[in-house]
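Some notes on the structure that comes next.
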Amino acid sequence: MNKPFEFKEFTVHQDKCAMKIGTDGVLLGAWTPIDQQPNSILDIGTGTGVIALQLAQRSHAETIDGLEIDADAYEQAVENFENSDWADRLFCYHASLELFKEEIEDSYDLIVSNPPFYTDDFVSENEARNKARFTTSLSFEELVASVAMLLSKEGVFSVVIPFKEEEHFVKLAKNVSLYPTRICRVKGHITSAIKRSLLTFGFHQSEIEISELVIEIERHQYTQDYKDLVQDFYLKM
């Protein structure tokens, strides 16, 4: 039995979701800039809805939409949205990104995504988990092309991907006139290799703000930078 994940201001049920709450999603939800005060936010591949819920807590955006293709995950996100303090601002669509971008007429001030990115050949027997984890269900090319269609002119696109995919992803984004503005490279430990890249993009070229985040000093002893980032969410932080 999967217990609900308790955050400081909301609870996330995840028993129906193939992909459970992990560090990547929470990091993205905490790190994504909102200083532009977005009025509308889209979370592509919302899963449990955790990133959308974090952004509801952090921002005053009137519209926060989740998009989820998997039926069980969609139901779970709806449940988590409805049980939160921000149910009036949160909504989830059950559709593919391809269909959604053709149907939706509005643009978004902020788009976030923790996309599937296991491009390796290993595929499990769990179809829902494969859909959530593998880029065959949503390629990076499709993601950036769709974001370019859905993002407002001054909007921000924020994403978390494996560090090894960073250079490739930035090139794909440039092909649709999206340019990196912030890059944060994430390490689990000071001596470990860089594992993830948090990136933001916009339609205007500017100097890129580059930083590094180390999560742990040693097992379960977190760095001050990490604690500062996620302390508004985790109960024991």
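All residue names refer to the structure tokens as shown: chains lettered A, B, ... in order, residues numbered from 1 in each chain, ligands numbered from 1 in order.
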Fewer than 2 positions away in the same chain doesn't count, so skip those; otherwise give me all residues within 12 Å of A:Asn80, counting only C-alpha atoms, as a PyMOL selection string. chain A and resi 4-6+10-17+46-54+66+73-78+82-87+90-92
Keeping only C-alpha atoms, take the residues you just selected and write them out as a PDB file, in the first residue's frame.
```
ATOM      1  CA  PRO A   4       0.106   9.547   0.842  1.00  0.00           C
ATOM      2  CA  PHE A   5       3.093  11.887   0.685  1.00  0.00           C
ATOM      3  CA  GLU A   6       2.610  14.651   3.240  1.00  0.00           C
ATOM      4  CA  PHE A  10      -0.707  19.772   0.835  1.00  0.00           C
ATOM      5  CA  THR A  11      -0.933  15.986   0.592  1.00  0.00           C
ATOM      6  CA  VAL A  12      -0.224  13.918  -2.516  1.00  0.00           C
ATOM      7  CA  HIS A  13      -1.785  10.486  -3.026  1.00  0.00           C
ATOM      8  CA  GLN A  14       0.271   8.404  -5.455  1.00  0.00           C
ATOM      9  CA  ASP A  15      -1.093   4.848  -5.276  1.00  0.00           C
ATOM     10  CA  LYS A  16      -2.504   5.023  -8.845  1.00  0.00           C
ATOM     11  CA  CYS A  17       0.622   6.548 -10.421  1.00  0.00           C
ATOM     12  CA  THR A  46       1.732  16.292 -14.356  1.00  0.00           C
ATOM     13  CA  GLY A  47       1.646  12.748 -12.907  1.00  0.00           C
ATOM     14  CA  THR A  48       0.610  13.062  -9.261  1.00  0.00           C
ATOM     15  CA  GLY A  49       0.288  16.826  -9.740  1.00  0.00           C
ATOM     16  CA  VAL A  50       3.037  17.621  -7.241  1.00  0.00           C
ATOM     17  CA  ILE A  51       4.768  20.314  -9.338  1.00  0.00           C
ATOM     18  CA  ALA A  52       1.479  22.068 -10.096  1.00  0.00           C
ATOM     19  CA  LEU A  53       0.625  21.964  -6.384  1.00  0.00           C
ATOM     20  CA  GLN A  54       4.020  23.440  -5.463  1.00  0.00           C
ATOM     21  CA  GLY A  66      -1.944  19.921 -15.508  1.00  0.00           C
ATOM     22  CA  ALA A  73      -2.372   9.310 -13.154  1.00  0.00           C
ATOM     23  CA  TYR A  74      -4.948  11.798 -14.472  1.00  0.00           C
ATOM     24  CA  GLU A  75      -7.519  10.579 -11.919  1.00  0.00           C
ATOM     25  CA  GLN A  76      -4.920  10.831  -9.176  1.00  0.00           C
ATOM     26  CA  ALA A  77      -3.922  14.378 -10.112  1.00  0.00           C
ATOM     27  CA  VAL A  78      -7.593  15.464 -10.158  1.00  0.00           C
ATOM     28  CA  GLU A  82      -9.475  18.824  -5.489  1.00  0.00           C
ATOM     29  CA  ASN A  83      -8.200  17.993  -1.995  1.00  0.00           C
ATOM     30  CA  SER A  84      -5.815  20.959  -1.892  1.00  0.00           C
ATOM     31  CA  ASP A  85      -6.378  24.504  -0.694  1.00  0.00           C
ATOM     32  CA  TRP A  86      -6.062  25.731  -4.282  1.00  0.00           C
ATOM     33  CA  ALA A  87      -8.710  23.568  -5.970  1.00  0.00           C
ATOM     34  CA  LEU A  90      -6.018  23.889 -10.434  1.00  0.00           C
ATOM     35  CA  PHE A  91      -7.373  21.875 -13.365  1.00  0.00           C
ATOM     36  CA  CYS A  92      -6.177  18.715 -15.094  1.00  0.00           C
TER      37      CYS A  92
END
```
Secondary structure check, strand (DSSP E or B) residues of stretch 42-85 of chain A, as a PyMOL selection string: chain A and resi 42-44+63-68
Export of prior selection with C-alpha atoms as a PDB file, in the first residue's frame:
```
ATOM      1  CA  LEU A  42       0.911  24.561 -17.521  1.00  0.00           C
ATOM      2  CA  ASP A  43       2.501  21.385 -16.122  1.00  0.00           C
ATOM      3  CA  ILE A  44       3.122  18.927 -18.970  1.00  0.00           C
ATOM      4  CA  THR A  63      -4.881  29.303 -13.868  1.00  0.00           C
ATOM      5  CA  ILE A  64      -2.702  26.254 -13.151  1.00  0.00           C
ATOM      6  CA  ASP A  65      -3.348  23.431 -15.595  1.00  0.00           C
ATOM      7  CA  GLY A  66      -1.944  19.921 -15.508  1.00  0.00           C
ATOM      8  CA  LEU A  67      -1.770  17.737 -18.614  1.00  0.00           C
ATOM      9  CA  GLU A  68      -1.642  13.958 -18.228  1.00  0.00           C
TER      10      GLU A  68
END
```
As a PyMOL selection string, please: every residue in stretch 79-199 of chain A that DSSP puts in helix (DSSP H, G or I). chain A and resi 79-82+97-103+127-133+140-150+163-175
Writing out the chosen residues with C-alpha atoms as an mmCIF file, in the first residue's frame:
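Final file, again.cif:
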```cif
data_model
loop_
_atom_site.group_PDB
_atom_site.id
_atom_site.type_symbol
_atom_site.label_atom_id
_atom_site.label_comp_id
_atom_site.auth_asym_id
_atom_site.auth_seq_id
_atom_site.Cartn_x
_atom_site.Cartn_y
_atom_site.Cartn_z
ATOM 1 C CA GLU A 79 -8.053 13.969 -6.686
ATOM 2 C CA ASN A 80 -4.922 15.677 -5.360
ATOM 3 C CA PHE A 81 -5.936 19.018 -6.903
ATOM 4 C CA GLU A 82 -9.475 18.824 -5.489
ATOM 5 C CA LEU A 97 0.338 16.894 -25.695
ATOM 6 C CA GLU A 98 -0.180 16.561 -29.457
ATOM 7 C CA LEU A 99 -3.965 16.779 -29.101
ATOM 8 C CA PHE A 100 -3.860 19.415 -26.359
ATOM 9 C CA LYS A 101 -1.747 21.896 -28.315
ATOM 10 C CA GLU A 102 -4.156 21.705 -31.255
ATOM 11 C CA GLU A 103 -7.242 22.264 -29.096
ATOM 12 C CA GLU A 127 3.165 -0.136 -19.615
ATOM 13 C CA ALA A 128 2.170 2.835 -17.438
ATOM 14 C CA ARG A 129 5.664 3.040 -15.956
ATOM 15 C CA ASN A 130 7.201 2.872 -19.430
ATOM 16 C CA LYS A 131 4.940 5.693 -20.586
ATOM 17 C CA ALA A 132 6.028 7.822 -17.645
ATOM 18 C CA ARG A 133 9.735 7.007 -17.953
ATOM 19 C CA PHE A 140 12.206 16.036 -26.479
ATOM 20 C CA GLU A 141 11.596 17.319 -30.020
ATOM 21 C CA GLU A 142 7.834 17.135 -29.567
ATOM 22 C CA LEU A 143 8.085 18.719 -26.131
ATOM 23 C CA VAL A 144 10.043 21.809 -27.182
ATOM 24 C CA ALA A 145 8.009 22.282 -30.387
ATOM 25 C CA SER A 146 4.767 22.161 -28.392
ATOM 26 C CA VAL A 147 6.101 24.521 -25.727
ATOM 27 C CA ALA A 148 7.046 27.025 -28.440
ATOM 28 C CA MET A 149 3.394 26.957 -29.578
ATOM 29 C CA LEU A 150 1.872 27.221 -26.091
ATOM 30 C CA PHE A 163 22.757 16.249 -17.402
ATOM 31 C CA LYS A 164 23.982 14.060 -20.278
ATOM 32 C CA GLU A 165 21.019 15.319 -22.367
ATOM 33 C CA GLU A 166 21.570 19.016 -21.597
ATOM 34 C CA GLU A 167 23.564 19.995 -24.694
ATOM 35 C CA HIS A 168 21.204 18.099 -27.013
ATOM 36 C CA PHE A 169 18.104 19.584 -25.367
ATOM 37 C CA VAL A 170 19.452 23.149 -25.630
ATOM 38 C CA LYS A 171 20.091 22.620 -29.363
ATOM 39 C CA LEU A 172 16.550 21.318 -29.899
ATOM 40 C CA ALA A 173 15.121 24.310 -28.042
ATOM 41 C CA LYS A 174 17.151 26.766 -30.148
ATOM 42 C CA ASN A 175 15.637 25.201 -33.258
#
```
Distance criterion (only C-alpha atoms): nearest to A:Val159 out of A:Tyr226, A:Phe201, A:Phe7, A:Phe233: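 Closest candidate: A:Phe201.
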Using only C-alpha atoms, which of A:Ile190, A:Ile34, A:Leu138, A:Ile104 sits nearest A:Arg219?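 Ranked by minimum distance to A:Arg219, first place goes to A:Ile190.
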Find the residues near A:Thr32: any atom within 8 Å, counting only C-alpha atoms, skip ones fewer than 4 places away on the same chain, and give them as a list in words.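 So the residues in contact are Leu28, Val112, Ser158 and Thr200 of chain A.
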Find the residues near A:Leu213: any atom within 8 Å, counting only C-alpha atoms, skip ones fewer than 6 places away on the same chain, and give them as a ChimeraX atom specification. /A:184-187,225-226
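Atom CA of A:Lys20 sits 23.8 Å away from atom CA of A:Thr223.
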Do a neighbour search on A:Asp109 at 8 Å with only C-alpha atoms, toss out local chain neighbours closer than 4 positions, and write the hits as a PyMOL selection string. chain A and resi 38-41+151-152+154-156
Residue selection dump (C-alpha atoms) as a CSV table (one decimal), in the first residue's frame:
```csv
chain,number,residue,atom,x,y,z
A,38,PRO,CA,2.8,34.2,-14.1
A,39,ASN,CA,-0.9,34.4,-14.3
A,40,SER,CA,-1.2,31.1,-16.2
A,41,ILE,CA,0.8,27.9,-15.7
A,151,LEU,CA,4.2,29.7,-24.4
A,152,SER,CA,3.4,33.4,-24.3
A,154,GLU,CA,7.4,36.8,-22.5
A,155,GLY,CA,6.8,33.4,-21.0
A,156,VAL,CA,9.2,31.0,-19.2
```
Between A:Val176, A:Gln231, A:Tyr222, A:Ile161, single out the one closest to A:Leu199, counting only C-alpha atoms.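 Once distances to A:Leu199 are computed over only C-alpha atoms, the minimum belongs to A:Ile161.
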